[in-house]
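Report on the following structure.
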Amino acid sequence: MGLKELVLLRIAKRWICGVDLKSAIASAKKDNSRGLGVVVNFLGEEIKDPATADSHTEEYLRLQRALADNSIHGFPSVKLTQLGLVLDVPSASSRLEKIAANSEKLNQWLWVDMEGSKFTDSTISVYEGALENHKRIGVAIQSYLKRTENDLKTLLNMGAKVRLVKGAYHESHDIVLPSRQEIRKNYINQMQMLFDQGEFFALGTHDSVLVNAAKKMSDSKHVDFEFEFLKGIREDLKEELVRSGYKVSDYLPYGDQWYNYSKRRITEHPSNVWLLLRSLV
């Protein structure tokens, strides 16, 4: 491991559980003891080998069992390109079906992460197929995409459970909103749609403006929702929300693919470095 990777690892330990399932479960127990739920993700994406996609599927089955065996309040979140979406849609759908069926057996929720825009249509399509057979499954959507309002309408009409996030991938200016202010405005509009129509949803944001807007909406719209944060970021806000009676979950990534995940978090959203530094004070 080079100097660059060693320096990054010191930062990454703030938002990565570790490289193995044992580390993830230890972090989950710690969060639960603080009144937080957890959303656990095994790191990896854009898998181009069927055997590796099968291996990732088995890791999620082990993760689900470990969460159940340790009475963890939380559930997994999977990326479809981990399951071979790059290779072909039917195989990824089949692998997701295996994980979703296991979620149902264990009485757990399952989240599907959203990835780069080239996978948005296929992710929604595969999710829709899984939702027909498994109701305790949700999908993330990204408010910085210009298309997201229409996607949200489609998802709500099909009875989807949604996690609304700003977005963490570098995308063409043709398809994303041009400014932080417009993304924030878009997020608030979509959040209002969720409060008006959603039965359960999650809000993934560290933005105090958006959190406060959600709190105001929840005063008049008493629906089931939760805030979701990255591990190690805005610990003060997490504790404040828990004390105030809101549901809060930590997003806990683990696995040996921590480098690419961390690099994206830093290089594409440098404000995350500031959030991390604030958390260290």
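Naming scheme: A, B, ... for chains in displayed order of the structure tokens; residues 1 onward per chain; ligands 1 onward as shown.
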
Give me, as JSON, numbers by chain, all polymer residues having an atom no more than 10 Å from stretch 20-27 of chain A, counting only C-alpha atoms and skipping those fewer than 6 positions away in the same chain. {"A": [33, 38, 40, 41, 42, 59, 60, 62, 63, 66, 67, 70, 72, 231, 250, 252, 253, 254, 255, 256]}

Could you tell me how far atom CA of A:Ile175 lies from atom CA of A:Arg147, in Å and to one decimal? 7.6 Å

Name the closest residue to A:Val176 among the candidates A:Lys135, A:Lys105, A:Arg14, A:Lys146; distances are taken between atoms, counting only C-alpha atoms.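 With only C-alpha atoms as the atom set, the closest residue is A:Lys146.
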
Per residue of stretch 66-125 of chain A within 12 Å of stretch 198-221 of chain A, what are the shortest atom pair and its distance in Å to one decimal, counting only C-alpha atoms, with rows by chain and residue number, as a tab-separated table?
residue	atom	partner	partner_atom	distance
A:Trp109	CA	A:Phe200	CA	11.6
A:Trp111	CA	A:Ala202	CA	10.3
A:Asp113	CA	A:Gly204	CA	11.5

Considering only C-alpha atoms, state which residue in the set A:Lys30, A:Arg180, A:Lys79, A:Lys247 is at the smallest distance from A:Thr123.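 Among the listed residues, the smallest separation from A:Thr123 belongs to A:Lys79.
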
Go through A:Gln64, A:Gln82, A:Gln142, A:Ser125 one by one, measure the shortest atom-to-atom distance of each to A:Ser103 using only C-alpha atoms, and give the residue with the smallest value.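 Result for the nearest residue to A:Ser103: A:Gln64.
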
Report, in Å with one decimal, the straight-line distance from atom CA of A:Leu194 to atom CA of A:Leu156. 8.2 Å

What residues in stretch 16-118 of chain A get the DSSP label strand (DSSP E)? Please answer as a PyMOL selection string. chain A and resi 37-42+74-78+110-112

Take the residues from that selection and put them in a file with C-alpha atoms, as a PDB file, in the first residue's frame.
ATOM      1  CA  GLY A  37     -30.388   1.909  13.196  1.00  0.00           C
ATOM      2  CA  VAL A  38     -27.959   0.738  10.512  1.00  0.00           C
ATOM      3  CA  VAL A  39     -27.902   0.233   6.753  1.00  0.00           C
ATOM      4  CA  VAL A  40     -24.983  -2.061   5.920  1.00  0.00           C
ATOM      5  CA  ASN A  41     -23.328  -2.192   2.507  1.00  0.00           C
ATOM      6  CA  PHE A  42     -20.684  -4.646   1.307  1.00  0.00           C
ATOM      7  CA  GLY A  74     -30.907  -2.608  10.614  1.00  0.00           C
ATOM      8  CA  PHE A  75     -30.703  -4.113   7.169  1.00  0.00           C
ATOM      9  CA  PRO A  76     -28.459  -4.426   4.096  1.00  0.00           C
ATOM     10  CA  SER A  77     -28.210  -2.178   1.047  1.00  0.00           C
ATOM     11  CA  VAL A  78     -26.954  -3.704  -2.201  1.00  0.00           C
ATOM     12  CA  LEU A 110     -33.597  -4.588   1.954  1.00  0.00           C
ATOM     13  CA  TRP A 111     -32.426  -1.421   0.208  1.00  0.00           C
ATOM     14  CA  VAL A 112     -31.189  -1.216  -3.381  1.00  0.00           C
TER      15      VAL A 112
END
